[in-house]
>>> print(open('entry_39.txt').read())   # compact mmCIF, C-alpha atoms and all ligand atoms
# COMPACT_ATOMS: atom_id res chain seq x y z
CA MET A 1272 -133.07 24.70 270.03
CA ASP A 1273 -134.80 26.76 267.36
CA LYS A 1274 -138.04 25.43 265.94
CA ARG A 1275 -137.43 23.10 262.97
CA LEU A 1276 -139.45 22.73 259.79
CA LEU A 1277 -138.74 19.98 257.28
CA VAL A 1278 -140.01 20.48 253.72
CA TYR A 1279 -139.77 17.05 252.15
CA ASN A 1280 -140.78 15.27 248.97
CA ILE A 1281 -139.72 18.23 246.83
CA GLY A 1282 -140.04 17.11 243.20
CA CYS A 1283 -137.97 19.94 241.74
CA LEU A 1284 -136.03 22.63 243.57
CA ALA A 1285 -135.13 25.54 241.28
CA THR A 1286 -132.90 28.36 242.47
CA PRO A 1287 -130.11 30.69 241.48
CA GLU A 1288 -127.07 30.51 243.75
CA GLY A 1289 -124.84 33.12 245.35
CA SER A 1290 -125.24 36.44 247.07
CA SER A 1291 -125.02 39.04 244.34
CA ALA A 1292 -126.97 39.82 241.18
CA LYS A 1293 -126.22 37.68 238.12
CA LYS A 1294 -125.53 39.09 234.67
CA GLY A 1295 -125.09 37.83 231.13
CA GLU A 1296 -125.30 34.07 230.65
CA GLU A 1297 -125.04 33.51 234.38
CA GLN A 1298 -128.47 35.09 234.84
CA GLY A 1299 -130.05 32.00 233.30
CA GLU A 1300 -127.89 29.45 235.11
CA ILE A 1301 -130.13 28.17 237.84
CA THR A 1302 -129.60 25.04 239.88
CA ILE A 1303 -132.25 22.33 239.50
CA ARG A 1304 -132.32 19.58 242.08
CA ASN A 1305 -134.84 16.75 241.91
CA ASN A 1306 -136.29 14.74 244.77
CA CYS A 1307 -134.85 16.60 247.75
CA HIS A 1308 -135.66 18.23 251.10
CA ILE A 1309 -135.00 21.51 252.87
CA LEU A 1310 -134.41 21.66 256.61
CA ILE A 1311 -135.13 24.96 258.34
CA GLU A 1312 -134.12 25.96 261.85
CA GLY A 1313 -135.66 29.14 263.20
CA GLU A 1314 -135.69 31.61 260.31
CA LYS A 1315 -132.92 30.01 258.28
CA ILE A 1316 -132.26 27.18 255.87
CA VAL A 1317 -129.72 24.84 257.47
CA GLU A 1318 -129.63 21.98 254.99
CA ILE A 1319 -130.67 20.94 251.52
CA GLY A 1320 -130.30 17.25 250.79
CA ASP A 1321 -131.71 14.15 249.19
CA ASN A 1322 -135.07 12.70 250.05
CA PRO A 1323 -134.69 9.04 251.05
CA PRO A 1324 -137.98 7.21 251.66
CA GLY A 1325 -139.23 7.70 255.21
CA LEU A 1326 -137.12 10.82 255.82
CA GLU A 1327 -140.03 12.53 257.58
CA ARG A 1328 -140.10 9.81 260.25
CA ALA A 1329 -136.66 10.93 261.45
CA PHE A 1330 -138.20 14.38 262.05
CA LYS A 1331 -141.34 13.23 263.80
CA ASP A 1332 -140.80 15.74 266.60
CA SER A 1333 -140.48 18.65 264.16
CA GLU A 1334 -143.04 20.36 261.97
CA THR A 1335 -143.08 18.84 258.49
CA LEU A 1336 -144.48 19.87 255.13
CA ASN A 1337 -144.97 17.33 252.36
CA ALA A 1338 -144.36 19.09 249.03
CA GLN A 1339 -145.87 16.08 247.23
CA GLY A 1340 -143.45 16.23 244.32
CA ARG A 1341 -144.07 19.90 243.59
CA LEU A 1342 -141.75 22.68 242.42
CA VAL A 1343 -140.04 24.73 245.16
CA THR A 1344 -138.31 28.09 244.62
CA PRO A 1345 -137.10 31.01 246.72
CA GLY A 1346 -139.79 33.49 247.81
CA LEU A 1347 -140.36 36.23 245.24
CA VAL A 1348 -138.92 39.70 245.80
CA ASP A 1349 -140.85 42.63 244.33
CA CYS A 1350 -138.07 45.23 244.16
CA HIS A 1351 -140.09 48.18 242.82
CA THR A 1352 -143.47 49.24 244.21
CA HIS A 1353 -145.22 52.44 245.26
CA LEU A 1354 -147.21 50.64 247.96
CA VAL A 1355 -148.45 53.45 250.20
CA PHE A 1356 -150.95 55.92 248.72
CA GLY A 1357 -154.44 57.26 249.37
CA GLY A 1358 -157.36 56.41 247.06
CA TRP A 1359 -157.13 55.01 243.54
CA ARG A 1360 -157.21 56.52 240.06
CA HIS A 1361 -159.73 54.45 238.16
CA GLY A 1362 -161.47 57.76 237.42
CA GLU A 1363 -158.68 58.49 234.93
CA LEU A 1364 -159.39 55.33 232.95
CA GLY A 1365 -161.83 57.11 230.62
CA LEU A 1366 -159.25 59.82 229.80
CA LYS A 1367 -156.66 57.17 229.16
CA LEU A 1368 -158.95 55.19 226.86
CA LYS A 1369 -159.78 58.36 224.92
CA GLY A 1370 -156.08 58.69 224.17
CA ALA A 1371 -154.71 61.07 226.86
CA SER A 1372 -151.12 60.08 227.58
CA TYR A 1373 -149.66 59.49 231.04
CA LEU A 1374 -147.65 62.74 230.87
CA GLU A 1375 -150.65 64.74 229.57
CA ILE A 1376 -152.76 63.60 232.53
CA LEU A 1377 -149.91 64.59 234.88
CA ALA A 1378 -149.43 67.98 233.18
CA SER A 1379 -153.15 68.75 233.58
CA GLY A 1380 -152.84 68.35 237.35
CA GLY A 1381 -154.05 64.75 237.55
CA GLY A 1382 -151.92 61.63 237.66
CA ILE A 1383 -149.47 61.52 240.55
CA LEU A 1384 -150.84 64.87 241.84
CA ASN A 1385 -154.31 63.35 242.10
CA SER A 1386 -152.89 60.62 244.38
CA VAL A 1387 -150.92 63.24 246.32
CA GLU A 1388 -154.16 65.02 247.30
CA LYS A 1389 -155.69 61.75 248.51
CA THR A 1390 -152.54 60.70 250.34
CA ARG A 1391 -152.23 64.01 252.15
CA GLN A 1392 -155.85 63.73 253.25
CA ALA A 1393 -155.50 60.13 254.42
CA SER A 1394 -154.83 59.31 258.07
CA PHE A 1395 -151.87 57.24 259.21
CA ASP A 1396 -154.23 54.43 260.20
CA GLY A 1397 -156.12 54.59 256.92
CA LEU A 1398 -152.91 54.30 254.91
CA PHE A 1399 -151.66 51.51 257.15
CA GLU A 1400 -154.81 49.41 256.88
CA LYS A 1401 -155.05 49.79 253.14
CA ALA A 1402 -151.38 48.88 252.57
CA TYR A 1403 -151.66 45.97 255.04
CA GLY A 1404 -154.46 44.50 252.92
CA LEU A 1405 -152.41 44.97 249.76
CA LEU A 1406 -149.48 43.18 251.38
CA ASP A 1407 -151.78 40.27 252.22
CA GLU A 1408 -152.57 40.07 248.53
CA CYS A 1409 -148.85 40.20 247.59
CA LEU A 1410 -148.17 37.30 249.92
CA LEU A 1411 -150.88 35.24 248.19
CA TYR A 1412 -148.96 35.68 244.95
CA GLY A 1413 -145.73 34.52 246.57
CA VAL A 1414 -144.04 37.84 247.33
CA THR A 1415 -142.10 37.54 250.58
CA THR A 1416 -140.10 40.80 250.44
CA LEU A 1417 -141.02 44.06 248.79
CA GLU A 1418 -139.45 47.46 248.19
CA ALA A 1419 -141.81 50.39 248.72
CA LYS A 1420 -141.27 53.96 247.59
CA SER A 1421 -142.76 57.04 249.18
CA GLY A 1422 -143.62 59.94 246.90
CA TYR A 1423 -147.33 60.63 247.23
CA GLY A 1424 -146.96 63.08 250.10
CA LEU A 1425 -144.51 65.64 248.68
CA THR A 1426 -144.35 67.61 251.93
CA THR A 1427 -141.89 66.75 254.68
CA GLU A 1428 -144.72 65.82 257.01
CA SER A 1429 -146.65 63.62 254.63
CA GLU A 1430 -143.57 61.90 253.23
CA ILE A 1431 -142.53 61.04 256.79
CA LYS A 1432 -146.08 59.83 257.46
CA CYS A 1433 -145.88 57.38 254.55
CA LEU A 1434 -142.40 56.15 255.54
CA GLU A 1435 -143.60 55.64 259.13
CA VAL A 1436 -146.51 53.60 257.73
CA MET A 1437 -143.94 51.39 255.95
CA LYS A 1438 -141.93 51.04 259.16
CA LYS A 1439 -145.02 49.84 261.02
CA LEU A 1440 -145.99 47.49 258.17
CA ASN A 1441 -142.50 46.02 258.26
CA ALA A 1442 -142.85 45.37 261.97
CA GLU A 1443 -146.36 43.92 261.84
CA HIS A 1444 -146.83 42.17 258.49
CA PRO A 1445 -145.02 38.92 257.57
CA VAL A 1446 -143.84 40.42 254.25
CA ASP A 1447 -140.57 42.34 254.78
CA ILE A 1448 -140.45 45.89 253.43
CA VAL A 1449 -137.40 47.81 252.26
CA PRO A 1450 -138.29 51.51 252.24
CA THR A 1451 -137.19 54.03 249.61
CA PHE A 1452 -137.61 57.79 249.88
CA MET A 1453 -138.95 59.24 246.64
CA GLY A 1454 -139.93 62.73 247.75
CA ALA A 1455 -139.00 64.00 244.28
CA HIS A 1456 -141.73 62.08 242.47
CA ALA A 1457 -143.48 65.13 240.99
CA VAL A 1458 -143.48 68.87 241.64
CA PRO A 1459 -146.51 69.46 243.87
CA ARG A 1460 -149.20 71.98 242.88
CA GLU A 1461 -148.12 74.55 245.49
CA HIS A 1462 -144.65 74.67 243.92
CA LYS A 1463 -145.71 74.73 240.28
CA GLU A 1464 -144.20 78.20 239.88
CA SER A 1465 -141.33 77.62 242.31
CA ARG A 1466 -139.80 74.27 241.50
CA ASP A 1467 -136.35 75.32 242.73
CA LYS A 1468 -137.85 75.93 246.15
CA PHE A 1469 -139.36 72.47 246.11
CA ILE A 1470 -136.04 70.86 245.22
CA ALA A 1471 -134.34 72.87 247.97
CA LEU A 1472 -137.01 71.66 250.41
CA VAL A 1473 -136.41 68.03 249.45
CA ARG A 1474 -132.61 68.41 249.69
CA ASP A 1475 -132.29 70.60 252.75
CA GLU A 1476 -135.25 69.60 254.89
CA THR A 1477 -136.97 66.35 253.99
CA LEU A 1478 -133.95 64.24 253.01
CA PRO A 1479 -131.87 65.09 256.11
CA LEU A 1480 -134.84 64.33 258.36
CA VAL A 1481 -135.54 61.01 256.63
CA ALA A 1482 -131.86 60.10 256.97
CA GLU A 1483 -131.72 61.17 260.62
CA LYS A 1484 -134.78 59.09 261.47
CA GLY A 1485 -133.39 56.12 259.51
CA LEU A 1486 -136.66 55.79 257.62
CA ALA A 1487 -135.29 54.88 254.19
CA ARG A 1488 -132.43 52.82 252.92
CA TYR A 1489 -132.65 54.23 249.37
CA CYS A 1490 -133.41 57.50 247.65
CA ASP A 1491 -135.11 57.44 244.23
CA ILE A 1492 -136.24 60.22 241.86
CA PHE A 1493 -138.51 60.40 238.81
CA CYS A 1494 -136.07 61.61 236.13
CA GLU A 1495 -138.55 62.37 233.35
CA LYS A 1496 -139.97 65.13 231.18
CA GLY A 1497 -142.67 66.80 233.26
CA ALA A 1498 -141.06 65.52 236.49
CA PHE A 1499 -137.32 66.17 237.18
CA SER A 1500 -134.46 66.98 234.84
CA LEU A 1501 -131.09 65.29 234.76
CA ASP A 1502 -129.47 68.17 236.65
CA GLU A 1503 -132.21 68.23 239.27
CA SER A 1504 -131.89 64.47 239.67
CA ARG A 1505 -128.13 64.81 240.15
CA LEU A 1506 -128.68 67.49 242.83
CA VAL A 1507 -131.15 65.42 244.84
CA LEU A 1508 -129.37 62.08 244.53
CA SER A 1509 -125.94 63.58 245.37
CA LYS A 1510 -127.38 64.98 248.56
CA ALA A 1511 -128.88 61.61 249.48
CA LYS A 1512 -125.52 59.96 248.82
CA ALA A 1513 -123.77 62.48 251.06
CA LEU A 1514 -126.29 61.57 253.79
CA GLY A 1515 -125.30 57.91 253.47
CA MET A 1516 -128.28 56.64 251.51
CA ALA A 1517 -127.98 54.24 248.56
CA LEU A 1518 -129.44 55.38 245.26
CA LYS A 1519 -132.03 54.36 242.69
CA ILE A 1520 -133.46 56.26 239.76
CA HIS A 1521 -136.61 56.12 237.61
CA ALA A 1522 -134.88 56.52 234.26
CA GLU A 1523 -135.79 56.49 230.56
CA GLU A 1524 -139.38 55.50 231.32
CA ILE A 1525 -141.24 57.57 228.76
CA THR A 1526 -138.54 59.80 227.28
CA SER A 1527 -134.86 59.09 226.74
CA MET A 1528 -133.04 61.63 228.93
CA GLY A 1529 -129.72 60.10 229.94
CA GLY A 1530 -130.91 58.86 233.33
CA ALA A 1531 -129.21 55.50 232.85
CA ALA A 1532 -125.82 57.18 232.33
CA LEU A 1533 -126.50 59.33 235.40
CA ALA A 1534 -127.16 56.14 237.38
CA ALA A 1535 -123.73 54.88 236.34
CA GLU A 1536 -122.09 58.23 237.12
CA LEU A 1537 -123.56 58.37 240.63
CA GLY A 1538 -123.11 54.70 241.44
CA CYS A 1539 -126.84 53.94 241.76
CA VAL A 1540 -127.64 50.39 242.83
CA SER A 1541 -130.35 50.27 240.18
CA ALA A 1542 -131.94 52.20 237.34
CA GLU A 1543 -135.61 51.38 236.90
CA HIS A 1544 -138.09 51.30 233.97
CA LEU A 1545 -135.60 51.86 231.09
CA ILE A 1546 -138.21 51.49 228.33
CA LYS A 1547 -136.38 54.07 226.23
CA ILE A 1548 -132.79 53.23 227.18
CA ASP A 1549 -130.25 53.51 224.34
CA GLU A 1550 -126.97 51.71 223.67
CA THR A 1551 -124.91 54.40 225.45
CA GLY A 1552 -127.04 53.99 228.57
CA ILE A 1553 -126.79 50.20 228.42
CA GLN A 1554 -122.99 50.32 228.13
CA ALA A 1555 -122.70 52.82 230.98
CA MET A 1556 -124.83 50.62 233.26
CA SER A 1557 -122.91 47.51 232.27
CA LYS A 1558 -119.56 49.11 233.08
CA ALA A 1559 -120.75 50.49 236.42
CA GLY A 1560 -122.63 47.31 237.47
CA VAL A 1561 -126.00 49.06 237.82
CA ILE A 1562 -128.93 46.63 238.06
CA ALA A 1563 -131.74 47.18 235.52
CA VAL A 1564 -135.15 46.91 237.17
CA CYS A 1565 -137.59 46.21 234.33
CA LEU A 1566 -141.33 46.66 234.77
CA PRO A 1567 -143.27 44.98 231.97
CA CYS A 1568 -146.76 45.50 233.45
CA THR A 1569 -146.21 49.27 233.27
CA SER A 1570 -145.39 49.02 229.56
CA PHE A 1571 -148.59 47.03 229.12
CA TYR A 1572 -150.80 49.38 231.15
CA LEU A 1573 -149.37 52.55 229.55
CA ASN A 1574 -149.40 50.94 226.12
CA GLU A 1575 -145.72 51.80 225.77
CA ASP A 1576 -142.80 49.84 224.33
CA PHE A 1577 -141.17 47.08 226.36
CA ALA A 1578 -137.70 47.66 227.81
CA PRO A 1579 -134.89 45.95 225.83
CA ALA A 1580 -134.23 43.43 228.58
CA ARG A 1581 -132.65 40.85 226.24
CA GLN A 1582 -130.23 43.43 224.91
CA MET A 1583 -129.30 44.36 228.48
CA ILE A 1584 -128.67 40.72 229.41
CA GLN A 1585 -126.50 40.35 226.31
CA SER A 1586 -124.55 43.44 227.40
CA ASN A 1587 -123.92 42.01 230.88
CA VAL A 1588 -126.37 44.22 232.77
CA PRO A 1589 -128.02 42.27 235.61
CA VAL A 1590 -131.79 42.39 235.03
CA ALA A 1591 -134.44 42.31 237.76
CA VAL A 1592 -138.19 42.26 237.09
CA ALA A 1593 -140.78 43.90 239.36
CA THR A 1594 -144.40 45.06 239.31
CA ASP A 1595 -144.10 48.86 239.78
CA PHE A 1596 -147.40 48.52 241.62
CA ASN A 1597 -148.89 52.04 241.90
CA PRO A 1598 -152.26 53.73 241.35
CA GLY A 1599 -151.36 55.37 238.03
CA SER A 1600 -149.10 53.43 235.71
CA ASN A 1601 -149.68 49.89 236.96
CA PRO A 1602 -152.40 49.13 239.52
CA ASN A 1603 -151.55 45.41 239.50
CA LEU A 1604 -149.48 43.74 242.22
CA ASN A 1605 -149.30 40.20 240.84
CA LEU A 1606 -145.57 39.61 240.35
CA GLN A 1607 -146.35 36.31 238.61
CA LEU A 1608 -148.07 38.31 235.87
CA ALA A 1609 -144.97 40.51 235.51
CA MET A 1610 -142.93 37.29 235.22
CA SER A 1611 -145.12 36.03 232.39
CA MET A 1612 -144.95 39.39 230.62
CA ALA A 1613 -141.15 39.26 230.91
CA CYS A 1614 -141.32 35.86 229.23
CA TYR A 1615 -143.64 36.82 226.38
CA LYS A 1616 -142.68 40.45 225.78
CA TYR A 1617 -138.99 40.63 226.82
CA LYS A 1618 -138.41 37.07 225.55
CA MET A 1619 -136.56 36.24 228.73
CA LEU A 1620 -136.19 32.55 229.54
CA PRO A 1621 -137.82 31.01 232.63
CA GLY A 1622 -134.45 30.56 234.38
CA GLU A 1623 -133.46 34.17 233.68
CA ILE A 1624 -136.79 35.38 235.01
CA LEU A 1625 -136.53 33.28 238.16
CA THR A 1626 -133.18 34.95 238.86
CA ALA A 1627 -134.72 38.34 237.99
CA VAL A 1628 -137.42 38.06 240.68
CA THR A 1629 -135.28 36.41 243.35
CA LEU A 1630 -131.50 36.97 243.52
CA ASN A 1631 -131.29 39.98 241.20
CA ALA A 1632 -134.29 41.62 242.84
CA ALA A 1633 -132.72 40.97 246.25
CA GLY A 1634 -129.50 42.53 244.94
CA ALA A 1635 -131.44 45.62 243.86
CA ILE A 1636 -132.52 46.16 247.48
CA GLY A 1637 -129.21 45.27 249.10
CA LYS A 1638 -130.38 41.87 250.35
CA GLY A 1639 -128.47 39.44 248.14
CA ALA A 1640 -126.54 38.00 251.05
CA GLU A 1641 -129.71 37.08 252.99
CA LEU A 1642 -132.36 36.42 250.34
CA GLY A 1643 -133.02 35.35 246.81
CA THR A 1644 -131.68 31.78 246.74
CA LEU A 1645 -132.28 28.46 248.45
CA GLU A 1646 -128.97 27.71 250.14
CA ALA A 1647 -127.89 26.86 253.66
CA GLY A 1648 -127.51 30.06 255.65
CA LYS A 1649 -130.12 32.05 253.72
CA GLN A 1650 -133.40 33.23 255.20
CA ALA A 1651 -136.09 30.56 254.82
CA ASP A 1652 -138.40 32.41 252.40
CA ILE A 1653 -139.67 29.58 250.25
CA LEU A 1654 -142.51 28.88 247.82
CA VAL A 1655 -144.14 25.57 246.99
CA TRP A 1656 -145.88 25.83 243.61
CA ASP A 1657 -148.83 23.95 242.15
CA THR A 1658 -146.68 22.55 239.38
CA GLU A 1659 -143.80 20.16 238.95
CA ASP A 1660 -141.59 22.34 236.75
CA LEU A 1661 -140.67 25.95 236.15
CA ASP A 1662 -141.93 26.46 232.57
CA TYR A 1663 -145.51 25.73 233.64
CA ILE A 1664 -145.65 28.94 235.75
CA PHE A 1665 -145.11 31.04 232.63
CA TYR A 1666 -147.27 28.89 230.42
CA ARG A 1667 -150.30 29.24 232.75
CA TYR A 1668 -149.95 33.04 232.96
CA GLY A 1669 -152.68 34.86 234.83
CA SER A 1670 -153.39 32.09 237.35
CA ASN A 1671 -151.96 32.16 240.83
CA LEU A 1672 -149.92 28.97 241.01
CA VAL A 1673 -148.51 29.44 244.52
CA ASN A 1674 -149.50 26.60 246.82
CA THR A 1675 -147.65 27.38 250.06
CA VAL A 1676 -145.61 30.36 251.26
CA ILE A 1677 -142.96 29.95 253.93
CA LYS A 1678 -141.74 33.26 255.37
CA ARG A 1679 -138.79 33.30 257.79
CA GLY A 1680 -139.33 29.61 258.48
CA ASN A 1681 -143.07 29.92 259.19
CA ILE A 1682 -145.88 28.71 256.97
CA ALA A 1683 -147.53 32.04 256.15
CA ARG A 1684 -150.02 30.81 253.58
CA ARG A 1685 -151.27 27.42 252.55
CA SER A 1686 -153.87 26.68 249.85
O1 LIG B 1 -143.12 54.23 238.38
N1 LIG B 1 -143.00 56.92 237.18
C1 LIG B 1 -143.27 57.38 238.25
N2 LIG B 1 -143.95 56.78 239.17
C2 LIG B 1 -144.78 55.68 238.97
C3 LIG B 1 -146.15 56.11 238.61
C4 LIG B 1 -146.74 56.84 239.69
C5 LIG B 1 -148.15 57.21 239.45
O2 LIG B 1 -148.60 57.40 238.31
O3 LIG B 1 -148.85 57.31 240.46
C6 LIG B 1 -144.14 54.74 237.99
O4 LIG B 1 -144.61 54.51 236.89
FE FE B 2 -142.18 53.31 239.65
>>> encode(input="entry_39.txt", output="structure tokens")
Amino acid sequence: MDKRLLVYNIGCLATPEGSSAKKGEEQGEITIRNNCHILIEGEKIVEIGDNPPGLERAFKDSETLNAQGRLVTPGLVDCHTHLVFGGWRHGELGLKLKGASYLEILASGGGILNSVEKTRQASFDGLFEKAYGLLDECLLYGVTTLEAKSGYGLTTESEIKCLEVMKKLNAEHPVDIVPTFMGAHAVPREHKESRDKFIALVRDETLPLVAEKGLARYCDIFCEKGAFSLDESRLVLSKAKALGMALKIHAEEITSMGGAALAAELGCVSAEHLIKIDETGIQAMSKAGVIAVCLPCTSFYLNEDFAPARQMIQSNVPVAVATDFNPGSNPNLNLQLAMSMACYKYKMLPGEILTAVTLNAAGAIGKGAELGTLEAGKQADILVWDTEDLDYIFYRYGSNLVNTVIKRGNIARRS
């Protein structure tokens, strides 16, 4: 029989339910169950039930964990990160503080292109070790699954190198990684005067090779002034779709360009950022069922507006919240901080945010059937928090309130 783990004495279990992203009022409808237990066999939840006194004695031959009346939720899913890159960009902080904008730094050859240089120079092992350490940190904050985008190589060879790093991380680190190819993240320096050639390279060489090697489940593109136009985005994403990949898009981050409507047109699983989305974009996403991945820490770090998450919920767009962890527009990987920002700046309610970082985030990476809720049959990715109720997590923003992390039925971290 598979190894069993009993989590007992749970004061409050809070979870969304189901296997696909929730929208509208349903996004805030979470199930709260007091005084209960979870039984895990192998990697899966097999039972959630009451907690009669002495329950643990019936499981004396199994591993047990006493939650001591604490809050328990599904493991957090960070559905938008740029995890693998060389170096950092704290050197640009001075420019930023003197008023240079994100796009001005990029246009002057810094920004993403600065990280591209460092990533190209970095060895496979160097990138692996650095990202492994970052994943350790994510796990401390309660992240049990994470999406990671390539896009700091911008040559076929270095993009493949970064995706291979993710593959090895997925095999060796407890946190699961869902890889996304984002080879059209910026036009690299060597193609400054030949951007069509670069797009042809991504479409005709890199993408087919990534698809053939099965290195990415999704393809994403930075649809933005100074990065890629709407037409260029359509060209790249259509090719990825033809190769069998699912689609994502960085849309309406700094300028409103119609990327949200393009996401609807192409059937993207998600459109991400959306700071500058307009009503037409919201309606298009709502109709097509595109998930909005909102990234409040990026708005904070770039000193930009906050995405109209409330308006999107009201318009029946499923909203997920993620960190956007990357060296340029948000060097912070604490998803709990993003949750608090969603509360204070998007005015999302705690229940809506819990859904946003569990079930809806799992939906944005095609994992809603396996992850994102606490129900029998789901993967046992579970958090025990140092609190008795959900509101407290948001109220105590900035502190790490995760007490214990269970990943695939194993206790991966205990404080
Ligand atoms: O999501 N917008 C594009 N990419 C990242 C930033 C990447 C970088 O600055 O290194 C983002 O914000
Ligand atoms: Fe991003």
>>> closest_residue(input="entry_39.txt", among="A:Ala1627, A:Cys1565, A:Ile1548, A:Ile1664", to="ligand FE 2 (chain B)", atoms="all atoms listed in the file")
A:Cys1565
>>> residues_near_ligand(input="entry_39.txt", ligand="ligand FE 2 (chain B)", cutoff="12 Å", atoms="only C-alpha atoms and all ligand atoms", output="ChimeraX atom specification")
/A:1349-1354,1383,1418-1423,1451,1453,1456-1457,1491-1495,1519-1525,1542-1545,1564-1570,1593-1602
>>> closest_residue(input="entry_39.txt", among="A:Met1272, A:Leu1434, A:Ile1301, A:Leu1277", to="Leu1645 in chain A", atoms="only C-alpha atoms")
A:Ile1301
>>> closest_residue(input="entry_39.txt", among="A:Ala1609, A:Gly1380, A:Asp1549, A:Ile1624", to="Ser1586 in chain A", atoms="all atoms listed in the file")
A:Asp1549
>>> residues_around(input="entry_39.txt", residues="range 1506-1518 of chain A", least_positions_apart="6", cutoff="6 Å", atoms="only C-alpha atoms", output="list in words")
Arg1474, Arg1488, Tyr1489, Cys1490, Cys1539 and Val1540 of chain A
>>> atom_distance(input="entry_39.txt", atom1="CA of Ala1455 in chain A", atom2="CA of Gly1485 in chain A")
18.0 Å
>>> atom_distance(input="entry_39.txt", atom1="CA of Ser1670 in chain A", atom2="atom C1 of ligand LIG 1 (chain B)")
27.3 Å
>>> closest_residue(input="entry_39.txt", among="A:Gln1554, A:Thr1526, A:Thr1335, A:Ser1611", to="ligand LIG 1 (chain B)", atoms="only C-alpha atoms and all ligand atoms")
A:Thr1526
>>> closest_residue(input="entry_39.txt", among="A:Lys1274, A:Lys1616, A:Lys1496, A:Lys1315", to="ligand LIG 1 (chain B)", atoms="all atoms listed in the file")
A:Lys1496
>>> atom_distance(input="entry_39.txt", atom1="CA of Ala1338 in chain A", atom2="CA of Gly1282 in chain A")
7.5 Å
>>> residues_around(input="entry_39.txt", residues="range 1361-1375 of chain A", least_positions_apart="6", cutoff="8 Å", atoms="all atoms listed in the file", output="PyMOL selection string")
chain A and resi 1382+1497+1573+1600
>>> closest_residue(input="entry_39.txt", among="A:Val1673, A:Ala1498, A:Leu1417, A:Leu1310", to="ligand LIG 1 (chain B)", atoms="all atoms listed in the file")
A:Ala1498
